[in-house]
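Undergrad: This is coords_12.cif, which holds mmCIF, C-alpha atoms:
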```
data_protein
loop_
_atom_site.label_atom_id
_atom_site.label_comp_id
_atom_site.auth_asym_id
_atom_site.auth_seq_id
_atom_site.Cartn_x
_atom_site.Cartn_y
_atom_site.Cartn_z
CA MET A 1 23.64 -6.54 2.46
CA PRO A 2 19.85 -6.85 2.84
CA GLU A 3 18.02 -8.52 -0.04
CA HIS A 4 14.65 -7.54 -1.57
CA LEU A 5 12.41 -10.55 -2.05
CA ILE A 6 8.93 -10.75 -3.64
CA LYS A 7 6.49 -13.60 -3.10
CA GLN A 8 3.02 -14.42 -4.28
CA PRO A 9 0.57 -15.34 -1.50
CA ALA A 10 0.67 -19.06 -2.35
CA GLU A 11 4.49 -19.04 -2.03
CA LEU A 12 4.48 -17.77 1.56
CA THR A 13 5.49 -20.14 4.31
CA SER A 14 3.37 -20.49 7.41
CA MET A 15 6.09 -18.70 9.42
CA GLU A 16 6.14 -15.79 6.94
CA ILE A 17 2.36 -15.44 7.23
CA LYS A 18 2.62 -15.43 11.03
CA THR A 19 5.37 -12.78 10.85
CA ILE A 20 3.31 -10.60 8.50
CA LEU A 21 0.28 -10.81 10.80
CA ALA A 22 2.41 -10.04 13.86
CA CYS A 23 3.87 -6.98 12.10
CA TRP A 24 0.46 -5.70 11.06
CA GLU A 25 -0.98 -6.06 14.59
CA ILE A 26 -4.60 -6.32 13.41
CA GLU A 27 -6.38 -8.21 16.18
CA PRO A 28 -9.16 -9.96 14.16
CA TRP A 29 -6.57 -11.50 11.81
CA THR A 30 -4.23 -13.00 14.41
CA GLY A 31 -5.77 -16.46 14.13
CA ILE A 32 -6.43 -16.53 10.39
CA GLU A 33 -5.63 -19.85 8.73
CA ASP A 34 -2.89 -19.89 6.09
CA LYS A 35 -5.30 -20.94 3.33
CA ASP A 36 -7.68 -18.11 4.24
CA PHE A 37 -4.80 -15.61 4.24
CA VAL A 38 -3.70 -16.80 0.78
CA GLN A 39 -7.29 -16.53 -0.52
CA LYS A 40 -7.86 -13.09 1.03
CA TYR A 41 -4.68 -11.66 -0.54
CA ARG A 42 -4.74 -13.52 -3.85
CA HIS A 43 -4.61 -10.21 -5.77
CA SER A 44 -1.47 -9.13 -3.93
CA GLU A 45 2.21 -9.77 -3.74
CA PHE A 46 4.38 -9.54 -0.65
CA HIS A 47 7.67 -7.69 -0.50
CA PHE A 48 10.33 -8.46 2.08
CA LEU A 49 13.67 -6.97 3.01
CA MET A 50 15.68 -9.91 4.22
CA GLY A 51 18.75 -9.73 6.44
CA ALA A 52 21.30 -12.23 7.66
CA ARG A 53 20.10 -15.81 8.16
CA ALA A 54 16.83 -15.03 6.34
CA ALA A 55 15.63 -12.64 9.04
CA ILE A 56 12.72 -10.48 7.89
CA LEU A 57 13.70 -6.82 8.36
CA CYS A 58 10.70 -5.23 6.59
CA VAL A 59 7.45 -6.35 5.03
CA ALA A 60 4.88 -4.76 2.71
CA ARG A 61 2.00 -5.80 0.50
CA MET A 62 1.25 -4.55 -2.98
CA ASN A 63 -2.49 -4.70 -3.57
CA PHE A 64 -3.30 -5.10 -7.26
CA ASP A 65 -7.05 -5.03 -6.67
CA PHE A 66 -7.27 -1.30 -5.93
CA ARG A 67 -9.45 1.01 -8.00
CA LEU A 68 -10.55 4.60 -7.65
CA LYS A 69 -13.52 6.13 -9.43
CA ILE A 70 -13.06 9.83 -10.18
CA ASN A 71 -15.49 11.78 -12.35
CA HIS A 72 -17.22 8.57 -13.51
CA GLN A 73 -13.95 6.99 -14.68
CA VAL A 74 -12.24 4.03 -13.00
CA TYR A 75 -8.48 4.14 -12.40
CA PRO A 76 -6.65 0.96 -11.34
CA PHE A 77 -3.48 1.43 -9.30
CA ALA A 78 -1.22 -0.81 -7.28
CA GLU A 79 -1.52 0.16 -3.64
CA LEU A 80 1.29 -0.16 -1.11
CA VAL A 81 -0.15 -1.30 2.22
CA GLY A 82 1.11 -2.93 5.39
CA PHE A 83 4.55 -1.31 5.09
CA VAL A 84 6.39 -2.20 8.31
CA SER A 85 10.02 -2.03 9.36
CA ILE A 86 10.64 -4.51 12.17
CA ALA A 87 13.41 -2.37 13.73
CA GLU A 88 12.69 1.31 13.16
CA ARG A 89 15.18 4.13 12.61
CA ASN A 90 18.04 2.07 11.20
CA GLY A 91 17.66 2.86 7.49
CA ASN A 92 15.99 -0.41 6.52
CA GLY A 93 12.65 1.25 5.75
CA LYS A 94 14.24 3.78 3.42
CA LEU A 95 16.23 1.05 1.63
CA PHE A 96 13.14 -1.15 1.40
CA LEU A 97 10.99 1.63 -0.03
CA HIS A 98 13.71 2.34 -2.62
CA HIS A 99 13.70 -1.34 -3.69
CA ILE A 100 9.90 -1.39 -3.99
CA ARG A 101 9.83 1.83 -6.04
CA THR A 102 12.57 0.57 -8.34
CA ASN A 103 10.71 -2.72 -8.83
CA MET A 104 7.45 -0.94 -9.68
CA GLU A 105 9.26 1.41 -12.10
CA LYS A 106 10.98 -1.50 -13.89
CA ARG A 107 7.63 -3.27 -14.25
CA LYS A 108 5.93 -0.02 -15.37
CA ILE A 109 3.30 -0.30 -12.63
CA GLU A 110 1.67 2.86 -11.32
CA ALA A 111 1.63 2.60 -7.55
CA LEU A 112 0.49 4.79 -4.69
CA GLY A 113 0.01 4.58 -0.97
CA PHE A 114 -1.61 6.39 1.92
CA CYS A 115 -0.29 7.72 5.19
CA GLU A 116 -1.22 9.71 8.25
CA LYS A 117 0.47 13.03 9.06
CA PRO A 118 2.86 11.61 11.69
CA VAL A 119 4.65 9.45 9.08
CA ARG A 120 4.56 12.00 6.26
CA GLY A 121 8.16 13.01 7.10
CA PHE A 122 9.43 9.48 6.41
CA TYR A 123 8.16 9.61 2.83
CA GLU A 124 9.52 13.11 2.37
CA LYS A 125 12.99 11.92 3.54
CA CYS A 126 12.72 9.11 1.00
CA GLU A 127 11.97 11.70 -1.71
CA VAL A 128 8.53 10.24 -2.35
CA PRO A 129 6.07 12.89 -3.59
CA VAL A 130 3.29 13.44 -1.06
CA LEU A 131 -0.13 14.86 -1.88
CA TYR A 132 -0.96 16.54 1.41
CA ASP A 133 -4.44 15.99 2.87
CA LYS A 134 -5.74 14.48 -0.39
CA ALA A 135 -6.69 11.14 1.21
CA LYS A 136 -9.41 13.03 3.09
CA HIS A 137 -11.21 13.35 -0.26
CA LEU A 138 -11.65 9.59 -0.66
CA ARG A 139 -14.93 7.88 0.08
CA GLU A 140 -15.79 4.20 0.24
CA ILE A 141 -18.58 2.51 -1.66
CA PRO A 142 -20.97 1.28 -0.26
CA ASN A 143 -20.02 2.73 3.16
CA ASP A 144 -21.16 6.08 4.49
CA PRO A 145 -20.09 8.68 1.87
CA PHE A 146 -19.61 11.24 4.63
CA SER A 147 -17.11 9.27 6.72
CA LEU A 148 -13.51 10.39 6.36
CA PRO A 149 -10.62 7.95 6.03
CA ALA A 150 -8.02 7.72 8.81
CA ASP A 151 -5.23 8.54 6.35
CA ASP A 152 -4.38 12.14 5.55
CA ASP A 153 -2.10 11.93 2.54
CA ILE A 154 -1.65 10.08 -0.73
CA PHE A 155 1.92 9.39 -1.77
CA SER A 156 3.18 8.55 -5.22
CA LEU A 157 5.50 5.61 -5.57
CA THR A 158 5.37 5.56 -9.36
CA LEU A 159 2.36 7.56 -10.52
CA SER A 160 2.46 9.07 -13.99
CA ALA A 161 2.33 12.87 -14.19
CA PRO A 162 -1.32 12.88 -15.41
CA HIS A 163 -2.46 10.60 -12.56
CA PHE A 164 -0.45 12.61 -10.00
CA THR A 165 -2.20 15.76 -11.24
CA LEU A 166 -5.59 14.00 -11.20
CA LEU A 167 -5.16 12.96 -7.55
CA ASN A 168 -3.76 16.36 -6.60
CA GLY A 169 -7.02 17.85 -7.91
CA LEU A 170 -9.15 16.02 -5.35
CA ASN A 171 -11.18 18.30 -3.10
CA VAL A 172 -14.59 18.50 -1.40
CA ASP A 173 -16.24 19.05 -4.78
CA ASN A 174 -14.14 16.44 -6.61
CA LEU A 175 -14.09 13.22 -4.57
CA ALA A 176 -12.51 9.86 -5.38
CA TRP A 177 -14.51 6.74 -4.62
CA LEU A 178 -12.77 3.56 -3.44
CA LEU A 179 -14.36 0.68 -5.30
CA PRO A 180 -14.85 -2.65 -3.49
CA GLU A 181 -12.27 -5.37 -4.04
CA SER A 182 -13.03 -8.15 -6.50
CA GLU A 183 -14.55 -11.33 -5.16
#
```
What would you get if you wrote out this structure as structure tokens?
TA:
Amino acid sequence: MPEHLIKQPAELTSMEIKTILACWEIEPWTGIEDKDFVQKYRHSEFHFLMGARAAILCVARMNFDFRLKINHQVYPFAELVGFVSIAERNGNGKLFLHHIRTNMEKRKIEALGFCEKPVRGFYEKCEVPVLYDKAKHLREIPNDPFSLPADDDIFSLTLSAPHFTLLNGLNVDNLAWLLPESE
């Protein structure tokens, strides 16, 4: 039976960091030093679905340095990012997402994530509420306020009803601003 494991950045082994980076496939980060990785993600925790002989089946990062500004008010959320299933279409991703949601619920942490249309169906199968095309109403500070994000949707892992409604109300006249991460 696969096991859900959570680690702080400083607890990660060098091999786990290499596996995470390989899963994420982000070219500029392939050679990042372990200490730099730990520093960069110090406001995060890493979730793993572990299989037999400590094999990593899935990996994800919960970013606790994520804030949106909507109508002059700042809303902190935990953000699920870097969600990867090593072997797709075998049920591990669905099980992993269930473990992450349960963990966030037990800890009473409001969490969300973002996705593009092609993976929307995965979250729907997992019974995760999806706010269709709402990610297109996010803008980054200080970047170009007219550039659109690559993601299409916002999904709710554990958002409260008021925050779900708030995000569902985003539109061209009611934008959300992504605030820069803490230094």
Undergrad: Would you kindly translate the PyMOL selection byres ((chain A and resi 43-51) around 9) into the concrete residues it picks from this file, as a VMD selection string?
TA: chain A and resid 1 to 9 12 39 to 42 52 to 65 78 85 92 to 93 95 to 96 99 to 100 182
Undergrad: Would you write out, as a tab-separated table, a table of all residues in region 62-156 of chain A that have an atom no more than 12 Å from an atom of region 161-170 of chain A, listing for each the closest atom pair and the distance in Å to one decimal, considering only C-alpha atoms and ordering rows by chain and rising residue number?
TA:
```
residue	atom	partner	partner_atom	distance
A:Leu68	CA	A:Leu167	CA	9.9
A:Lys69	CA	A:Leu167	CA	11.0
A:Ile70	CA	A:Leu166	CA	8.6
A:Asn71	CA	A:Leu166	CA	10.2
A:Gln73	CA	A:Leu166	CA	11.5
A:Val74	CA	A:His163	CA	11.8
A:Tyr75	CA	A:His163	CA	8.8
A:Pro76	CA	A:His163	CA	10.6
A:Phe77	CA	A:His163	CA	9.8
A:Glu110	CA	A:His163	CA	8.9
A:Ala111	CA	A:His163	CA	10.3
A:Leu112	CA	A:Phe164	CA	9.5
A:Gly113	CA	A:Leu167	CA	11.8
A:Pro129	CA	A:Phe164	CA	9.1
A:Val130	CA	A:Asn168	CA	9.4
A:Leu131	CA	A:Asn168	CA	6.1
A:Tyr132	CA	A:Asn168	CA	8.5
A:Asp133	CA	A:Leu170	CA	9.5
A:Lys134	CA	A:Leu170	CA	6.2
A:Ala135	CA	A:Leu170	CA	8.5
A:Lys136	CA	A:Leu170	CA	9.0
A:His137	CA	A:Leu170	CA	6.1
A:Leu138	CA	A:Leu170	CA	8.3
A:Arg139	CA	A:Leu170	CA	11.4
A:Asp153	CA	A:Asn168	CA	10.3
A:Ile154	CA	A:Leu167	CA	8.2
A:Phe155	CA	A:Phe164	CA	9.1
A:Ser156	CA	A:Phe164	CA	7.2
```
Undergrad: Compare A:Glu11, A:Glu140, A:Phe122, A:Ile86 by their minimum atom-to-atom distance to Glu25 (chain A), counting all atoms listed in the file, and give me the closest one.
TA: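 Looking at the shortest contact to Glu25 (chain A), the residue is A:Ile86.
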Undergrad: Quick one, how far is CA of Tyr123 (chain A) from CA of Lys106 (chain A)?
TA: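 Computed distance, CA of Tyr123 (chain A) to CA of Lys106 (chain A), equals 20.3 Å.
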Undergrad: Just to confirm, what's the straight-line distance from CA of Ser14 (chain A) to CA of Asp34 (chain A) in Å (one decimal)?
TA: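 We find that CA of Ser14 (chain A) and CA of Asp34 (chain A) lie 6.4 Å from each other.
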Undergrad: Of the candidates A:Leu179, A:Cys126, A:Ile109, A:Met15, which one gets nearest to Leu159 (chain A) if we count all atoms listed in the file?
TA: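 Answer, going by the shortest atom-to-atom distance: A:Ile109.
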Undergrad: Quick one: distance from CA of Glu105 (chain A) to CA of Gly91 (chain A) in Å, one decimal?
TA: 21.4 Å
Undergrad: How would you write, as a PyMOL selection string, the residues chosen by the PyMOL selection byres ((chain A and resi 33) around 12) on this structure?
TA: chain A and resi 13-15+17-18+21+28-32+34-40
Undergrad: Would you mind putting back N, CA, C and O atoms on region 106-120 of chain A, then writing it out as a tab-separated table (two decimals), in the frame of the given file?
TA:
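Heads up, here's the output in selection.tsv:
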```
chain	number	residue	atom	x	y	z
A	106	LYS	N	10.50	-0.54	-12.88
A	106	LYS	CA	10.98	-1.50	-13.89
A	106	LYS	C	9.82	-2.24	-14.53
A	106	LYS	O	9.86	-2.55	-15.72
A	107	ARG	N	8.79	-2.53	-13.76
A	107	ARG	CA	7.63	-3.27	-14.25
A	107	ARG	C	6.58	-2.34	-14.85
A	107	ARG	O	5.54	-2.81	-15.32
A	108	LYS	N	6.85	-1.03	-14.82
A	108	LYS	CA	5.93	-0.02	-15.37
A	108	LYS	C	4.55	-0.11	-14.73
A	108	LYS	O	3.52	-0.06	-15.40
A	109	ILE	N	4.54	-0.23	-13.40
A	109	ILE	CA	3.30	-0.30	-12.63
A	109	ILE	C	3.13	1.01	-11.89
A	109	ILE	O	4.03	1.44	-11.17
A	110	GLU	N	1.96	1.63	-12.06
A	110	GLU	CA	1.67	2.86	-11.32
A	110	GLU	C	1.19	2.46	-9.92
A	110	GLU	O	0.22	1.73	-9.77
A	111	ALA	N	1.91	2.97	-8.93
A	111	ALA	CA	1.63	2.60	-7.55
A	111	ALA	C	1.53	3.83	-6.66
A	111	ALA	O	2.24	4.83	-6.87
A	112	LEU	N	0.67	3.72	-5.67
A	112	LEU	CA	0.49	4.79	-4.69
A	112	LEU	C	0.33	4.17	-3.31
A	112	LEU	O	0.29	2.95	-3.16
A	113	GLY	N	0.24	5.03	-2.33
A	113	GLY	CA	0.01	4.58	-0.97
A	113	GLY	C	-0.64	5.71	-0.19
A	113	GLY	O	-0.84	6.82	-0.71
A	114	PHE	N	-0.95	5.43	1.05
A	114	PHE	CA	-1.61	6.39	1.92
A	114	PHE	C	-0.89	6.44	3.25
A	114	PHE	O	-0.32	5.44	3.70
A	115	CYS	N	-0.92	7.61	3.88
A	115	CYS	CA	-0.29	7.72	5.19
A	115	CYS	C	-0.97	8.79	6.02
A	115	CYS	O	-1.67	9.65	5.50
A	116	GLU	N	-0.74	8.69	7.32
A	116	GLU	CA	-1.22	9.71	8.25
A	116	GLU	C	-0.12	10.75	8.44
A	116	GLU	O	1.05	10.48	8.17
A	117	LYS	N	-0.48	11.93	8.90
A	117	LYS	CA	0.47	13.03	9.06
A	117	LYS	C	1.73	12.66	9.84
A	117	LYS	O	2.82	13.07	9.44
A	118	PRO	N	1.64	11.90	10.92
A	118	PRO	CA	2.86	11.61	11.69
A	118	PRO	C	3.96	10.88	10.91
A	118	PRO	O	5.13	10.99	11.26
A	119	VAL	N	3.61	10.15	9.85
A	119	VAL	CA	4.65	9.45	9.08
A	119	VAL	C	4.96	10.12	7.75
A	119	VAL	O	5.78	9.64	6.98
A	120	ARG	N	4.34	11.22	7.49
A	120	ARG	CA	4.56	12.00	6.26
A	120	ARG	C	6.06	12.30	6.07
A	120	ARG	O	6.59	12.20	4.98
```
